[in-house]
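Trainee: What follows is query-v3.txt, compact mmCIF, C-alpha atoms.
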# COMPACT_ATOMS: atom_id res chain seq x y z
CA MET Y 8 -1.33 11.41 -9.42
CA LEU Y 9 -1.28 9.72 -12.83
CA ALA Y 10 -0.14 6.45 -11.27
CA GLU Y 11 -3.03 6.54 -8.80
CA ILE Y 12 -5.50 7.26 -11.60
CA GLY Y 13 -4.20 4.35 -13.69
CA TYR Y 14 -4.35 1.94 -10.77
CA GLY Y 15 -7.85 3.10 -9.85
CA ILE Y 16 -9.08 2.52 -13.38
CA VAL Y 17 -7.63 -1.01 -13.40
CA ALA Y 18 -9.36 -1.74 -10.08
CA VAL Y 19 -12.68 -0.50 -11.48
CA ALA Y 20 -12.18 -2.64 -14.61
CA PHE Y 21 -11.57 -5.68 -12.41
CA LEU Y 22 -14.88 -5.09 -10.60
CA VAL Y 23 -16.69 -4.57 -13.90
CA ALA Y 24 -15.30 -7.88 -15.20
CA LEU Y 25 -16.54 -9.68 -12.07
CA TYR Y 26 -19.95 -8.07 -12.49
CA SER Y 27 -20.05 -9.22 -16.12
CA VAL Y 28 -19.40 -12.82 -15.05
CA GLY Y 29 -22.01 -12.76 -12.30
CA ALA Y 30 -24.68 -11.01 -14.35
CA ALA Y 31 -24.23 -13.37 -17.31
CA ILE Y 32 -24.61 -16.48 -15.13
CA TYR Y 33 -27.55 -15.07 -13.17
CA GLY Y 34 -29.33 -13.78 -16.25
CA GLU Y 35 -28.98 -17.10 -18.05
CA ARG Y 36 -30.08 -19.18 -15.05
CA LYS Y 37 -33.10 -16.98 -14.36
CA LYS Y 38 -33.87 -16.46 -18.07
CA LEU Y 39 -33.57 -12.68 -17.81
CA PRO Y 40 -32.38 -11.32 -21.19
CA ALA Y 41 -32.04 -7.80 -19.76
CA VAL Y 42 -29.51 -9.00 -17.19
CA VAL Y 43 -27.52 -10.86 -19.87
CA GLU Y 44 -27.52 -7.68 -21.94
CA SER Y 45 -26.23 -5.81 -18.88
CA ALA Y 46 -23.38 -8.32 -18.67
CA ARG Y 47 -22.61 -7.80 -22.35
CA ARG Y 48 -22.49 -4.03 -21.93
CA ALA Y 49 -20.26 -4.40 -18.88
CA MET Y 50 -17.84 -6.44 -20.97
CA LEU Y 51 -17.93 -3.75 -23.67
CA LEU Y 52 -16.91 -1.23 -21.00
CA LEU Y 53 -13.70 -3.12 -20.18
CA TRP Y 54 -11.76 -2.11 -23.29
CA PRO Y 55 -12.14 1.69 -22.88
CA LEU Y 56 -11.35 1.41 -19.17
CA ILE Y 57 -8.17 -0.62 -19.70
CA THR Y 58 -7.22 1.65 -22.60
CA LEU Y 59 -7.30 4.64 -20.25
CA ALA Y 60 -5.13 2.79 -17.73
CA ALA Y 61 -2.71 1.82 -20.50
CA LEU Y 62 -2.47 5.44 -21.65
CA CYS Y 63 -1.61 6.46 -18.09
CA LEU Y 64 1.22 3.92 -18.04
CA ILE Y 65 2.53 4.98 -21.46
CA VAL Y 66 2.63 8.63 -20.38
CA LEU Y 67 4.54 7.62 -17.24
CA LEU Y 68 7.02 5.65 -19.37
CA VAL Y 69 7.58 8.39 -21.95
CA THR Y 70 7.87 11.24 -19.44
CA ASN Y 71 10.47 9.50 -17.24
CA HIS Y 72 8.52 9.09 -14.01
CA PHE Y 73 11.20 6.98 -12.38
CA GLU Y 74 9.45 7.16 -9.02
CA VAL Y 75 7.18 4.43 -10.45
CA SER Y 76 9.03 1.14 -9.94
CA PHE Y 77 8.03 -0.35 -13.30
CA VAL Y 78 9.14 2.77 -15.18
CA TYR Y 79 12.44 2.69 -13.30
CA ALA Y 80 12.99 -0.98 -14.18
CA VAL Y 81 12.36 -0.78 -17.94
CA THR Y 82 13.28 2.75 -19.09
CA SER Y 83 16.15 5.22 -18.81
CA LEU Y 84 16.97 8.73 -20.03
CA SER Y 85 19.16 7.33 -22.80
CA MET Y 86 16.41 5.24 -24.41
CA PRO Y 87 14.61 6.58 -27.51
CA THR Y 88 10.88 7.26 -27.26
CA TYR Y 89 9.82 4.27 -29.33
CA LEU Y 90 11.63 1.91 -26.97
CA LYS Y 91 10.06 3.61 -23.97
CA ILE Y 92 6.63 2.90 -25.45
CA THR Y 93 7.49 -0.71 -26.22
CA ALA Y 94 8.79 -1.03 -22.66
CA TRP Y 95 5.08 -1.35 -21.81
CA TRP Y 96 5.49 -5.06 -22.54
CA GLY Y 97 9.18 -5.13 -21.60
CA GLY Y 98 8.48 -6.27 -18.03
CA GLN Y 99 6.05 -8.62 -16.33
CA ALA Y 100 3.82 -5.99 -14.72
CA GLY Y 101 3.33 -4.07 -17.96
CA SER Y 102 2.88 -7.28 -19.95
CA LEU Y 103 0.00 -8.31 -17.69
CA LEU Y 104 -1.73 -5.00 -18.36
CA PHE Y 105 -1.01 -5.34 -22.09
CA TRP Y 106 -2.46 -8.87 -22.08
CA SER Y 107 -5.60 -7.58 -20.29
CA TRP Y 108 -5.96 -4.81 -22.86
CA LEU Y 109 -5.75 -7.23 -25.79
CA MET Y 110 -8.14 -9.67 -24.10
CA SER Y 111 -10.72 -6.93 -23.60
CA ALA Y 112 -10.32 -5.84 -27.23
CA PHE Y 113 -11.03 -9.34 -28.56
CA ALA Y 114 -13.93 -9.76 -26.13
CA THR Y 115 -15.38 -6.50 -27.43
CA LEU Y 116 -15.04 -7.59 -31.05
CA VAL Y 117 -16.74 -10.93 -30.51
CA THR Y 118 -19.54 -9.38 -28.45
CA LEU Y 119 -20.38 -6.78 -31.10
CA ARG Y 120 -21.40 -9.46 -33.63
CA LYS Y 121 -25.07 -10.30 -34.22
CA TRP Y 122 -26.28 -13.02 -31.84
CA ASP Y 123 -29.78 -13.63 -33.20
CA ARG Y 124 -29.07 -17.20 -34.32
CA ASP Y 125 -26.73 -18.13 -31.48
CA ARG Y 126 -28.27 -16.37 -28.51
CA GLU Y 127 -27.77 -19.33 -26.17
CA PHE Y 128 -23.99 -19.08 -26.65
CA LEU Y 129 -23.79 -15.42 -25.61
CA PRO Y 130 -23.94 -15.69 -21.79
CA TRP Y 131 -21.28 -18.40 -21.65
CA VAL Y 132 -18.96 -16.67 -24.10
CA ILE Y 133 -19.24 -13.61 -21.85
CA VAL Y 134 -18.49 -15.73 -18.78
CA VAL Y 135 -15.35 -17.34 -20.24
CA THR Y 136 -13.90 -14.15 -21.72
CA SER Y 137 -14.71 -12.05 -18.66
CA ILE Y 138 -13.22 -14.62 -16.28
CA THR Y 139 -10.04 -14.65 -18.35
CA THR Y 140 -9.87 -10.86 -18.36
CA ALA Y 141 -10.64 -10.66 -14.63
CA PHE Y 142 -7.83 -13.13 -13.91
CA PHE Y 143 -5.20 -10.96 -15.58
CA LEU Y 144 -6.64 -7.79 -14.06
CA ALA Y 145 -6.47 -9.45 -10.64
CA LEU Y 146 -2.76 -10.12 -11.19
CA VAL Y 147 -2.29 -6.41 -11.97
CA VAL Y 148 -4.34 -5.22 -8.99
CA PHE Y 149 -3.11 -7.62 -6.33
CA TYR Y 150 0.17 -9.18 -7.46
CA ASP Y 151 2.29 -7.22 -9.95
CA ASN Y 152 1.15 -3.62 -10.13
CA PRO Y 153 2.89 -1.49 -12.82
CA PHE Y 154 1.80 1.71 -11.05
CA ALA Y 155 3.47 1.02 -7.67
CA ARG Y 156 5.87 3.74 -6.46
CA PHE Y 157 9.09 3.92 -4.49
CA TRP Y 158 8.94 5.04 -0.86
CA GLN Y 159 11.79 5.51 1.63
CA THR Y 160 11.46 4.96 5.36
CA PRO Y 161 13.39 7.05 7.94
CA ASP Y 162 15.97 4.26 8.31
CA GLY Y 163 16.72 4.35 4.57
CA THR Y 164 14.78 1.25 3.53
CA VAL Y 165 13.22 1.52 0.07
CA ILE Y 166 9.69 0.13 -0.23
CA THR Y 167 7.66 -0.46 -3.38
CA SER Y 168 3.99 0.20 -2.73
CA MET Y 169 0.96 1.72 -4.38
CA PHE Y 170 0.04 3.65 -1.25
CA GLN Y 171 2.30 5.60 1.10
CA PRO Y 172 3.51 3.50 4.04
CA ALA Y 173 3.53 5.03 7.51
CA ASN Y 174 6.38 7.53 8.08
CA ALA Y 175 7.69 7.01 4.54
CA THR Y 176 8.46 9.69 1.98
CA ALA Y 177 8.27 9.56 -1.79
CA MET Y 178 11.50 8.66 -3.58
CA PHE Y 179 12.40 10.17 -6.97
CA PRO Y 180 15.34 8.45 -8.75
CA GLN Y 181 17.10 10.61 -11.34
CA ASP Y 182 17.40 7.81 -13.91
CA GLY Y 183 16.15 4.29 -14.51
CA GLN Y 184 17.81 0.96 -15.18
CA GLY Y 185 16.52 0.70 -18.74
CA LEU Y 186 15.56 -2.33 -20.78
CA ASN Y 187 17.70 -5.43 -20.86
CA PRO Y 188 20.20 -4.89 -23.72
CA LEU Y 189 18.85 -8.01 -25.45
CA LEU Y 190 15.45 -6.31 -25.68
CA ARG Y 191 16.78 -3.13 -27.32
CA HIS Y 192 16.05 -4.37 -30.81
CA PRO Y 193 13.49 -3.37 -33.49
CA GLY Y 194 11.89 -6.78 -32.97
CA MET Y 195 10.69 -5.50 -29.61
CA ILE Y 196 8.15 -3.35 -31.44
CA ILE Y 197 6.23 -6.15 -33.12
CA HIS Y 198 7.42 -9.58 -31.93
CA PRO Y 199 5.87 -9.67 -28.41
CA PRO Y 200 2.56 -8.11 -29.57
CA MET Y 201 2.25 -10.74 -32.30
CA LEU Y 202 2.73 -13.56 -29.81
CA TYR Y 203 0.27 -11.98 -27.39
CA LEU Y 204 -2.28 -11.53 -30.17
CA GLY Y 205 -1.92 -15.19 -31.03
CA PHE Y 206 -2.32 -16.34 -27.44
CA VAL Y 207 -5.24 -14.05 -26.64
CA SER Y 208 -7.24 -14.63 -29.82
CA PHE Y 209 -7.26 -18.39 -29.16
CA VAL Y 210 -9.42 -17.60 -26.10
CA ILE Y 211 -12.36 -16.86 -28.42
CA PRO Y 212 -12.56 -20.37 -29.96
CA TYR Y 213 -12.10 -21.74 -26.45
CA ALA Y 214 -15.00 -19.62 -25.18
CA PHE Y 215 -17.29 -20.89 -27.92
CA ALA Y 216 -16.20 -24.48 -27.29
CA MET Y 217 -17.07 -24.12 -23.60
CA ALA Y 218 -20.41 -22.49 -24.52
CA ALA Y 219 -21.21 -25.39 -26.85
CA LEU Y 220 -20.42 -27.92 -24.11
CA ILE Y 221 -22.47 -26.08 -21.47
CA THR Y 222 -25.50 -25.58 -23.72
CA GLY Y 223 -25.31 -29.10 -25.15
CA ARG Y 224 -25.23 -27.99 -28.78
CA THR Y 225 -23.31 -30.86 -30.33
CA ASP Y 226 -23.56 -29.65 -33.94
CA ASP Y 227 -20.69 -27.93 -35.70
CA ARG Y 228 -22.14 -24.43 -35.44
CA TRP Y 229 -19.52 -23.29 -32.91
CA ILE Y 230 -16.76 -24.52 -35.22
CA ARG Y 231 -18.10 -22.48 -38.12
CA LEU Y 232 -18.38 -19.45 -35.87
CA THR Y 233 -14.78 -19.70 -34.66
CA ARG Y 234 -13.02 -20.87 -37.81
CA ARG Y 235 -11.99 -17.36 -38.80
CA TRP Y 236 -10.91 -16.54 -35.25
CA THR Y 237 -8.78 -19.68 -35.20
CA LEU Y 238 -7.15 -18.78 -38.51
CA TRP Y 239 -6.26 -15.27 -37.35
CA ALA Y 240 -4.90 -16.59 -34.03
CA TRP Y 241 -2.74 -19.10 -35.88
CA LEU Y 242 -1.46 -16.42 -38.28
CA PHE Y 243 -0.58 -14.05 -35.42
CA LEU Y 244 1.28 -16.80 -33.59
CA SER Y 245 3.08 -17.89 -36.77
CA PHE Y 246 4.18 -14.35 -37.53
CA GLY Y 247 5.40 -13.92 -33.96
CA LEU Y 248 7.45 -17.10 -34.14
CA VAL Y 249 9.07 -16.07 -37.42
CA LEU Y 250 10.00 -12.70 -35.93
CA GLY Y 251 11.28 -14.43 -32.80
CA SER Y 252 13.55 -16.69 -34.83
CA ARG Y 253 15.01 -13.68 -36.63
CA TRP Y 254 15.48 -11.86 -33.33
CA ALA Y 255 17.26 -14.89 -31.86
CA TYR Y 256 19.50 -15.00 -34.91
CA ASP Y 257 20.40 -11.30 -34.61
CA VAL Y 258 20.75 -10.92 -30.85
CA LEU Y 259 21.40 -14.27 -29.22
CA GLY Y 260 23.49 -15.94 -31.90
CA TRP Y 261 22.87 -19.43 -30.51
CA GLY Y 262 23.68 -21.29 -33.69
CA GLY Y 263 21.14 -19.90 -36.15
CA PHE Y 264 17.42 -19.37 -36.46
CA TRP Y 265 16.51 -22.28 -34.20
CA GLY Y 266 18.66 -21.29 -31.24
CA TRP Y 267 15.63 -20.03 -29.36
CA ASP Y 268 15.20 -19.22 -25.72
CA PRO Y 269 12.56 -20.94 -23.53
CA VAL Y 270 10.02 -18.21 -24.26
CA GLU Y 271 10.07 -19.07 -27.96
CA ILE Y 272 9.75 -22.77 -27.20
CA ALA Y 273 6.75 -21.95 -24.97
CA ALA Y 274 5.20 -20.17 -27.96
CA LEU Y 275 5.97 -23.03 -30.33
CA MET Y 276 4.03 -25.61 -28.30
CA PRO Y 277 0.61 -23.91 -28.60
CA TRP Y 278 1.40 -23.22 -32.26
CA LEU Y 279 1.72 -26.97 -32.85
CA THR Y 280 -1.56 -27.76 -31.09
CA GLY Y 281 -3.19 -24.76 -32.78
CA THR Y 282 -2.07 -26.06 -36.16
CA ALA Y 283 -3.69 -29.43 -35.45
CA PHE Y 284 -6.89 -27.74 -34.27
CA LEU Y 285 -7.00 -25.48 -37.33
CA HIS Y 286 -6.56 -28.50 -39.60
CA SER Y 287 -9.41 -30.32 -37.86
CA VAL Y 288 -11.90 -27.42 -38.11
CA MET Y 289 -11.25 -26.78 -41.82
Starting from the file, lay out its structure as structure tokens.
Mentor:
Amino acid sequence: MLAEIGYGIVAVAFLVALYSVGAAIYGERKKLPAVVESARRAMLLLWPLITLAALCLIVLLVTNHFEVSFVYAVTSLSMPTYLKITAWWGGQAGSLLFWSWLMSAFATLVTLRKWDRDREFLPWVIVVTSITTAFFLALVVFYDNPFARFWQTPDGTVITSMFQPANATAMFPQDGQGLNPLLRHPGMIIHPPMLYLGFVSFVIPYAFAMAALITGRTDDRWIRLTRRWTLWAWLFLSFGLVLGSRWAYDVLGWGGFWGWDPVEIAALMPWLTGTAFLHSVM
């Protein structure tokens, strides 16, 4: 039941994000401030909704619900509780939900600021952030669902599905596969969240840049508004890279701190461009 509740909440959040996009565009085009405010409130609703879905997933992880395919893939009875919680971002399906949760949190923070002086930016900031959030929620709903369960057909075939296939019965494994041994490290607690925070928080400067282009405001107001966001994004990404280098040194042993895997290289590239952008806006 908890898996169905979590999936249902994610589906509702996806629809709310789409409504936020549509209402912001319509309200701005028709010059209806009440509709734009409705879009803003819809975006504010995303974070509590995704938080509830995330809590459902964490409970499933901690309480060993191995009938859920994601729980089976990333946890086991032998894993300590803290690793079961961090397993939330230990697989692709959970990482997509974690990314959506962080994106909604940053969208909430930026929307709660006072918009009296920059009211023309608001609808387009809502549009960019809500589209980004809706994209990741769509991946969770339609592509890689962390709440999907195991089902077994009469001929013994195991199916992973959110809803019960015809003539299939629920399957309840006694234990899970557990995290990849390389991920069973204290760095798992803080390293991936730091990288995700860095990636996600860069969406806010991007949203303001798009709003400035759409509204035609060619002054440097959007840069002043996003300078602090840019600095925090760069700091998060920097901290994540430092932790990743230490993790690579401890676990992988590929010739020192710079023997990184492709994931770390993929994080380094936006750090380089982010450093150049931060330098230019200071």
Trainee: For the atom pair CA of Leu242 in chain Y and CA of Ala114 in chain Y, what is the interatomic distance in Å to one decimal place?
Mentor: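 Pair CA of Leu242 in chain Y / CA of Ala114 in chain Y returns 18.6 Å.
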Trainee: What's the 9 Å shell around range 23-38 of chain Y, counting only C-alpha atoms, without same-chain residues fewer than 3 positions away, as a short mmCIF file (atom, residue, chain, number, x, y, z; two decimals) with C-alpha atoms, in the frame of the given file?
Mentor:
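The result, written out as selection_31.cif:
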data_model
loop_
_atom_site.label_atom_id
_atom_site.label_comp_id
_atom_site.auth_asym_id
_atom_site.auth_seq_id
_atom_site.Cartn_x
_atom_site.Cartn_y
_atom_site.Cartn_z
CA ALA Y 18 -9.36 -1.74 -10.08
CA VAL Y 19 -12.68 -0.50 -11.48
CA ALA Y 20 -12.18 -2.64 -14.61
CA ALA Y 41 -32.04 -7.80 -19.76
CA VAL Y 42 -29.51 -9.00 -17.19
CA VAL Y 43 -27.52 -10.86 -19.87
CA GLU Y 44 -27.52 -7.68 -21.94
CA SER Y 45 -26.23 -5.81 -18.88
CA ALA Y 46 -23.38 -8.32 -18.67
CA ARG Y 47 -22.61 -7.80 -22.35
CA ARG Y 48 -22.49 -4.03 -21.93
CA ALA Y 49 -20.26 -4.40 -18.88
CA MET Y 50 -17.84 -6.44 -20.97
CA LEU Y 52 -16.91 -1.23 -21.00
CA LEU Y 53 -13.70 -3.12 -20.18
CA GLU Y 127 -27.77 -19.33 -26.17
CA LEU Y 129 -23.79 -15.42 -25.61
CA PRO Y 130 -23.94 -15.69 -21.79
CA TRP Y 131 -21.28 -18.40 -21.65
CA ILE Y 133 -19.24 -13.61 -21.85
CA VAL Y 134 -18.49 -15.73 -18.78
CA VAL Y 135 -15.35 -17.34 -20.24
CA THR Y 136 -13.90 -14.15 -21.72
CA SER Y 137 -14.71 -12.05 -18.66
CA ILE Y 138 -13.22 -14.62 -16.28
CA THR Y 140 -9.87 -10.86 -18.36
CA ALA Y 141 -10.64 -10.66 -14.63
CA LEU Y 144 -6.64 -7.79 -14.06
#
Trainee: Which residue is closest to Ser245 in chain Y? Choose from Y:Glu74, Y:Asp226, Y:Glu11, Y:Glu271 and count all atoms listed in the file.
Mentor: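 That would be Y:Glu271, the residue with the smallest distance to Ser245 in chain Y.
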Trainee: Neighbouring residues of range 192-205 of chain Y were defined as those with any atom within 6 Å, considering all atoms listed in the file; residues of the same chain fewer than 2 positions away were excluded. Please report them as JSON, numbers by chain.
Mentor: {"Y": [93, 190, 207, 208, 240, 243, 244, 247, 250]}
Trainee: Which is closer to Met86 in chain Y than all the others in Y:Ser252, Y:Thr222, Y:Thr70, Y:Thr176, using only C-alpha atoms?
Mentor: Y:Thr70
Trainee: Quick one, how far is CA of Asn174 in chain Y from CA of Thr160 in chain Y?
Mentor: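 CA of Asn174 in chain Y sits 6.3 Å away from CA of Thr160 in chain Y.
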Trainee: Excluding same-chain residues fewer than 5 positions from range 210-212 of chain Y, what lies within 9 Å of it counting only C-alpha atoms, as a ChimeraX atom specification?
Mentor: /Y:110,113-114,117,132,135-136,139,217,229-230,232-234,236-237
Trainee: Store the residues picked out above, limited to C-alpha atoms, as a PDB file, keeping the file's coordinate frame.
Mentor:
ATOM      1  CA  MET Y 110      -8.140  -9.670 -24.100  1.00  0.00           C
ATOM      2  CA  PHE Y 113     -11.030  -9.340 -28.560  1.00  0.00           C
ATOM      3  CA  ALA Y 114     -13.930  -9.760 -26.130  1.00  0.00           C
ATOM      4  CA  VAL Y 117     -16.740 -10.930 -30.510  1.00  0.00           C
ATOM      5  CA  VAL Y 132     -18.960 -16.670 -24.100  1.00  0.00           C
ATOM      6  CA  VAL Y 135     -15.350 -17.340 -20.240  1.00  0.00           C
ATOM      7  CA  THR Y 136     -13.900 -14.150 -21.720  1.00  0.00           C
ATOM      8  CA  THR Y 139     -10.040 -14.650 -18.350  1.00  0.00           C
ATOM      9  CA  MET Y 217     -17.070 -24.120 -23.600  1.00  0.00           C
ATOM     10  CA  TRP Y 229     -19.520 -23.290 -32.910  1.00  0.00           C
ATOM     11  CA  ILE Y 230     -16.760 -24.520 -35.220  1.00  0.00           C
ATOM     12  CA  LEU Y 232     -18.380 -19.450 -35.870  1.00  0.00           C
ATOM     13  CA  THR Y 233     -14.780 -19.700 -34.660  1.00  0.00           C
ATOM     14  CA  ARG Y 234     -13.020 -20.870 -37.810  1.00  0.00           C
ATOM     15  CA  TRP Y 236     -10.910 -16.540 -35.250  1.00  0.00           C
ATOM     16  CA  THR Y 237      -8.780 -19.680 -35.200  1.00  0.00           C
TER      17      THR Y 237
END
Trainee: Under the rule that all atoms listed in the file are counted, which of Y:Val78, Y:Leu248, Y:Leu146, Y:Ala273 is the nearest residue to Leu64 in chain Y?
Mentor: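 Of Y:Val78, Y:Leu248, Y:Leu146, Y:Ala273, the one nearest Leu64 in chain Y is Y:Val78, counting all atoms listed in the file.
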Trainee: Which residue, Y:Leu109, Y:Ala255, Y:Ala283, Y:Ala80, has the smallest gap to Val270 in chain Y when you use all atoms listed in the file?
Mentor: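 Closest to Val270 in chain Y, using all atoms listed in the file: Y:Ala255.
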Trainee: Can you work out which one of Y:Tyr89, Y:Phe246, Y:Phe128, Y:Phe143 has the shortest atom-to-atom distance to Ala218 in chain Y, counting only C-alpha atoms?
Mentor: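 Answer, going by the shortest atom-to-atom distance: Y:Phe128.
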Trainee: Return the single residue from Y:Phe77, Y:Asp162, Y:Ile65, Y:Leu238 that is closest to Leu285 in chain Y, with distances computed using all atoms listed in the file.
Mentor: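 Among Y:Phe77, Y:Asp162, Y:Ile65, Y:Leu238, it is Y:Leu238 that comes nearest to Leu285 in chain Y.
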Trainee: Do you have the CA of Ser83 in chain Y-CA of Ala274 in chain Y distance handy?
Mentor: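 So the answer is 29.1 Å.
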Trainee: Please provide as an NGL selection string all residues within 12 Å of Thr164 in chain Y, with the sequence filter that same-chain residues fewer than 2 positions apart are discarded (counting all atoms listed in the file).
Mentor: :Y and (157-162 or 166-167 or 172 or 174-178)
Trainee: Quick one: what's the axis-aligned box for range 148-153 of chain Y, all listed atoms, 4 Å on every side, centre and edges in Å to one decimal, as AutoDock Vina command-line options?
Mentor:
--center_x -0.7 --center_y -5.3 --center_z -9.6 --size_x 15.2 --size_y 15.7 --size_z 14.5
Trainee: Contacts of Asn71 in chain Y at 12 Å or less, counting only C-alpha atoms, minus same-chain residues fewer than 2 places along, as a PyMOL selection string?
Mentor: chain Y and resi 64-69+73-88+91-92+94+179-185
Trainee: Please output range 192-199 of chain Y, rebuilt to include all heavy atoms, as a CSV table (one decimal), in the frame of the given file.
Mentor:
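So rebuild.csv came out as:
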chain,number,residue,atom,x,y,z
Y,192,HIS,N,16.0,-3.9,-29.4
Y,192,HIS,CA,16.0,-4.4,-30.8
Y,192,HIS,C,14.7,-4.0,-31.5
Y,192,HIS,O,13.7,-4.0,-30.8
Y,192,HIS,CB,16.3,-5.9,-30.8
Y,192,HIS,CG,16.4,-6.5,-32.1
Y,192,HIS,ND1,15.4,-6.9,-32.9
Y,192,HIS,CD2,17.6,-6.8,-32.9
Y,192,HIS,CE1,15.9,-7.4,-34.1
Y,192,HIS,NE2,17.2,-7.3,-34.0
Y,193,PRO,N,14.8,-3.7,-32.8
Y,193,PRO,CA,13.5,-3.4,-33.5
Y,193,PRO,C,12.4,-4.5,-33.4
Y,193,PRO,O,11.2,-4.2,-33.5
Y,193,PRO,CB,13.9,-3.2,-34.9
Y,193,PRO,CG,15.4,-2.8,-34.9
Y,193,PRO,CD,15.9,-3.5,-33.7
Y,194,GLY,N,12.9,-5.7,-33.2
Y,194,GLY,CA,11.9,-6.8,-33.0
Y,194,GLY,C,11.0,-6.6,-31.8
Y,194,GLY,O,9.9,-7.1,-31.7
Y,195,MET,N,11.5,-5.8,-30.8
Y,195,MET,CA,10.7,-5.5,-29.6
Y,195,MET,C,9.4,-4.8,-29.9
Y,195,MET,O,8.4,-4.9,-29.2
Y,195,MET,CB,11.5,-4.7,-28.6
Y,195,MET,CG,10.9,-4.4,-27.3
Y,195,MET,SD,10.7,-6.0,-26.4
Y,195,MET,CE,9.9,-5.4,-24.9
Y,196,ILE,N,9.3,-4.1,-31.1
Y,196,ILE,CA,8.2,-3.4,-31.4
Y,196,ILE,C,7.0,-4.3,-31.8
Y,196,ILE,O,5.9,-4.1,-31.4
Y,196,ILE,CB,8.5,-2.4,-32.6
Y,196,ILE,CG1,9.6,-1.4,-32.2
Y,196,ILE,CG2,7.2,-1.6,-33.0
Y,196,ILE,CD1,10.0,-0.6,-33.4
Y,197,ILE,N,7.3,-5.4,-32.5
Y,197,ILE,CA,6.2,-6.2,-33.1
Y,197,ILE,C,6.2,-7.6,-32.7
Y,197,ILE,O,5.2,-8.2,-32.6
Y,197,ILE,CB,6.3,-6.1,-34.7
Y,197,ILE,CG1,5.1,-6.7,-35.3
Y,197,ILE,CG2,7.6,-6.8,-35.1
Y,197,ILE,CD1,3.8,-5.9,-35.1
Y,198,HIS,N,7.4,-8.2,-32.3
Y,198,HIS,CA,7.4,-9.6,-31.9
Y,198,HIS,C,6.6,-9.9,-30.7
Y,198,HIS,O,5.7,-10.8,-30.8
Y,198,HIS,CB,8.9,-10.0,-31.7
Y,198,HIS,CG,9.0,-11.3,-31.0
Y,198,HIS,ND1,8.5,-12.5,-31.6
Y,198,HIS,CD2,9.6,-11.7,-29.9
Y,198,HIS,CE1,8.8,-13.5,-30.7
Y,198,HIS,NE2,9.4,-13.0,-29.7
Y,199,PRO,N,6.7,-9.3,-29.5
Y,199,PRO,CA,5.9,-9.7,-28.4
Y,199,PRO,C,4.4,-9.4,-28.7
Y,199,PRO,O,3.6,-10.3,-28.3
Y,199,PRO,CB,6.4,-8.8,-27.3
Y,199,PRO,CG,7.8,-8.5,-27.6
Y,199,PRO,CD,7.8,-8.4,-29.1
